[in-house]
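Report on one structure; see the data block that follows.
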Amino acid sequence: MTRVLIPAGALGLGYDRAALERGIANRPDIIAVDGGSTDSGPSYLGRGVSKYARASTKMEWRELMRARAEAGVPLVIGTAGTCGADAAVDWLFDITKEIAAEEGMKIKVATLRSGQTAETVKAALAKGRVRPLAAAPEISDQILEDCTNIVALAGAEQIAAALATGADVVIAGRTTDTAIIAALPLTRGDNAGAAWHGAKVGECGALATTQPNSGVIQIDFDASGFTIEPMAEAAAATAYTVSAHMLYENSDPFILYEPGGYLDVTGSDYRALDARRVRVEGSKWVPGPYTVKLEGARVVGYQSVGLAVIRDRHYVANARVWAADIETKVRAKIEARMGLKPDDFAVELRLIGMNATLGDLENRHDLPVEVGALGILTCPTPEQAAEAAKILNPYLLHHPLTEDEPMPTFAFPFSPAEMQRGALYEFCLNHVMELDDPMAAFKLELHEVGHG
Amino acid sequence: MAELGQIAQKVRSKNAGPFWVTIDIFCGSAEVFERVSGSLKDDAVAKLYRVDRQLVKRFDIADLNVVKFSFPRPQVQGTRADRDMHGAGWASLLEEMQID
């Protein structure tokens, strides 16, 4: 039997302190927490940075490092620093060293790096060892070279290797959400289907319970299944909350692909042990070729934005016409005055209150009280994006619907009116790469940290 | 006829990775599940989101009283044309859809 304590869906999200203490008192074999995902968009991977505050991360990580020391078991984090790029691993490793020094801890820290060079992926692509997944974008050597970061998603094998070093703390770069939870049960020979299924249920912390914000859950893995129990007293896992979790952020609720195979929960049986605990059996692991998923992000332009708020009823009613007219005029001026070609830049007025969420798919056309006109300028350089936003500025402030009406003025919330968004990144890989040796694409190092 | 969001417990859309979106209709009861599962047509959903019907994956899960649709994101997450980083807003279109 392997007991895994999961403090939260992600480090930085917060959790119930009393529940964590209860979890530690239950003597877990490992503490596992996720550090990120692609869900916040390509900028984090592109820049190799975390989306959470360093202060919040350090505070929670300190608590988990103390809990680890108390329990005397390994603490592992996957996808460190939101994106799991090498720079994000370094960021959390620095925080770890600071905490160890401040707490007088002497610990062994394993870092697992998931970063890939363009050369590695290009070579694999040339050998036919990189394959597109459904809805993957086209890739080329040039696109791979343009990536500011490429990561491969580590699975259970790489986490198991990191644990085998005897590390007290494992800081892993990009991993699958489940790998950090599944690794130890798999190493110990617990049921493989249960290891992956329990890991999927547990990867979002208490999201698979009646109190998602309480964070902390405990999963016991054994030879035939797993048992999940939330550590917050008021939270309950039910057969429904646990089985429904396979729906979450999964395009297929029964199949989950991982490095080296896939999980099939079609035949899983969910049984309430009592009002708070659920037992799951019958999940299947189907081994297959060893592949790791790749993620990459590259810069495709630079953006500036400007926002004006329109309250005048006449302009609200005619906002689309007004916005389309401004887009046309601003495009012409950018071409004429800045010398950019039409394909090199984009001007968009996104109308908040009309169709800013859904765009052309919007099918409701009720008139709002006010409309936010969000001007978005995308250009090849940051300087051009800033300049283009200044060309837009007078239109956002004063553009009349017709020439023969009094000059309007709209509400600018800020001075200066323009905001520099910096680089626009795009995800450009949805592929898998074949590996002969699971460790071939990853770099594992063991460090002695602190003075004790 | 009824608005789907008025009879279902919850309609949720989320990214399933940067390239896919998935929409879960939690019907809340076997009765509503039967109704939604029976009257919600793949064609209508594909049209609502302007995606190729062949690319729409559908799961009718009686055990959970859930009908689930997954399809490639109309715009890839975070691209210039993307308006909704987490794909949360697409649920509204199904919520407001009239079904028999």
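Here, A, B, ... name the chains of the structure tokens in the order displayed, residue numbers run from 1 inside each chain, and ligands are numbered from 1 in the same displayed order.
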Next item on the list: Run DSSP on the backbone and give me the residues of chain B it puts in helix (DSSP H, G or I), as a ChimeraX atom specification.
Entry: /B:4-7,30-39,42-49,53-55,91-95
Write out as a compact mmCIF listing (two decimals) with C-alpha atoms, in the first residue's frame which residues come within 10 Å of Arg83 in chain B when counting only C-alpha atoms, dropping same-chain ones fewer than 4 positions away.
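This went into around-v8.txt:
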# COMPACT_ATOMS: atom_id res chain seq x y z
CA ARG A 350 -12.90 44.24 -29.28
CA ASN A 355 -19.21 40.06 -28.28
CA ALA A 356 -15.80 40.22 -26.59
CA THR A 357 -16.02 36.64 -25.32
CA LEU A 358 -17.47 34.85 -28.32
CA GLY A 359 -16.73 37.03 -31.34
CA GLN B 75 -9.05 29.44 -32.04
CA VAL B 76 -5.98 27.87 -30.48
CA GLN B 77 -5.51 29.05 -26.88
CA GLY B 78 -3.59 32.28 -26.60
CA THR B 79 -3.35 33.08 -30.31
CA GLY B 87 -12.32 28.46 -22.88
CA GLY B 89 -17.23 31.35 -22.17
Next item on the list: Using only C-alpha atoms, find which residues of chain A lie within 9 Å of chain B and jot them down as number ranges by chain.
Entry: A: 37-43, 134-137, 240, 243-244, 247-253, 300, 356-359, 361-363, 378, 424-427, 430
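The coordinates place CA of Pro74 in chain A at 10.5 Å from CA of Ala164 in chain A.
The list of residues with at least one atom within 9 Å of Asp146 in chain A, based on only C-alpha atoms and without residues fewer than 4 positions apart in the same chain, reads Ala118, Asp141, Gln142, Ala297, Arg298 and Val299 of chain A.
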Item checked: Residues flagged strand (DSSP E) by DSSP in range 23-66 of chain B, as a PyMOL selection string -> chain B and resi 23-26+57-61+66
Next item on the list: Give me the residues within 10 Å of range 306-317 of chain A as an MDAnalysis selection string, counting only C-alpha atoms and dropping any in the same chain fewer than 5 places off.
Entry: chainID A and resid 322 349:354 366:377 389:390 392:393 395:397 400:401 408:414 416:420
Contacts between range 111-117 of chain A and range 227-301 of chain A, please, where a residue of range 227-301 of chain A counts if it comes within 12 Å (with only C-alpha atoms); show its shortest atom pair and distance in Å to one decimal, rows by chain and ascending number, as a tab-separated table.
residue	atom	partner	partner_atom	distance
A:Val292	CA	A:Ser114	CA	10.5
A:Lys293	CA	A:Ser114	CA	10.9
A:Leu294	CA	A:Gln116	CA	8.9
A:Glu295	CA	A:Gln116	CA	9.6
A:Gly296	CA	A:Gln116	CA	9.3
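Proximity of A:Gly301, A:Gln211, A:Val109, A:Lys329 to Leu444 in chain A, computed with only C-alpha atoms, is greatest for A:Val109.
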Next item on the list: Tell me which protein, DNA and RNA residues are within 10 Å of Ala223 in chain A, counting only C-alpha atoms, leaving out same-chain ones fewer than 5 positions away, and put them as JSON, numbers by chain.
Entry: {"A": [1, 2, 185, 188, 189, 190, 191, 192, 193, 194, 195, 281]}
Let me see the file: selected residues, C-alpha atoms, as a PDB file, in the first residue's frame.
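As a result, again-v4.pdb now contains:
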ATOM      1  CA  MET A   1       0.000   0.000   0.000  1.00  0.00           C
ATOM      2  CA  THR A   2       1.187   3.483  -0.835  1.00  0.00           C
ATOM      3  CA  PRO A 185       2.675   3.522  -6.283  1.00  0.00           C
ATOM      4  CA  ARG A 188       6.120  -0.237  -5.351  1.00  0.00           C
ATOM      5  CA  GLY A 189       4.086  -2.499  -7.580  1.00  0.00           C
ATOM      6  CA  ASP A 190       0.604  -1.222  -6.780  1.00  0.00           C
ATOM      7  CA  ASN A 191      -2.051  -1.716  -9.451  1.00  0.00           C
ATOM      8  CA  ALA A 192      -1.008   0.290 -12.516  1.00  0.00           C
ATOM      9  CA  GLY A 193      -4.532   1.219 -13.629  1.00  0.00           C
ATOM     10  CA  ALA A 194      -5.327   2.374 -10.110  1.00  0.00           C
ATOM     11  CA  ALA A 195      -2.065   4.353  -9.903  1.00  0.00           C
ATOM     12  CA  GLU A 281     -11.351  -0.633  -8.750  1.00  0.00           C
TER      13      GLU A 281
END
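The two atoms in question, CA of Phe345 in chain A and CA of Tyr44 in chain A, are spaced 23.2 Å apart.
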Item checked: Residues within 8 Å of Gly5 in chain B, only C-alpha atoms, excluding chain neighbours under 2 positions, as a PyMOL selection string -> chain B and resi 3+7-11+94-97
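Distance check against Ala55 in chain A using only C-alpha atoms: of A:Gly282, A:Gly12, A:Gly450, A:Gly267, the minimum falls on A:Gly12.
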Checklist line | Atom-to-atom span, CA of Thr227 in chain A and CA of Leu256 in chain A, Å | finding: 19.5 Å
Contacts of Leu40 in chain B within 10 Å, only C-alpha atoms, excl. fewer than 3 positions in-chain, as a PDB file with C-alpha atoms, in the first residue's frame:
ATOM      1  CA  LEU B   4     -30.819  24.030 -21.893  1.00  0.00           C
ATOM      2  CA  ARG B  35     -34.260  14.607 -22.636  1.00  0.00           C
ATOM      3  CA  VAL B  36     -30.958  16.361 -23.355  1.00  0.00           C
ATOM      4  CA  SER B  37     -29.282  13.240 -24.703  1.00  0.00           C
ATOM      5  CA  ASP B  43     -25.287  18.859 -36.121  1.00  0.00           C
ATOM      6  CA  ALA B  44     -26.781  21.626 -34.012  1.00  0.00           C
ATOM      7  CA  VAL B  45     -23.767  21.678 -31.695  1.00  0.00           C
ATOM      8  CA  VAL B  67     -23.557  14.815 -21.978  1.00  0.00           C
ATOM      9  CA  LEU B  94     -25.092  25.757 -25.210  1.00  0.00           C
ATOM     10  CA  MET B  97     -29.704  26.933 -26.735  1.00  0.00           C
ATOM     11  CA  GLN B  98     -33.363  25.947 -27.105  1.00  0.00           C
ATOM     12  CA  ILE B  99     -33.986  22.218 -27.050  1.00  0.00           C
ATOM     13  CA  ASP B 100     -37.128  20.104 -27.442  1.00  0.00           C
TER      14      ASP B 100
END
Checklist line | Residue with smallest distance to Pro230 in chain A - pool A:Leu11, A:Ala88, A:Leu20, A:Ala336, counting only C-alpha atoms | finding: A:Leu20
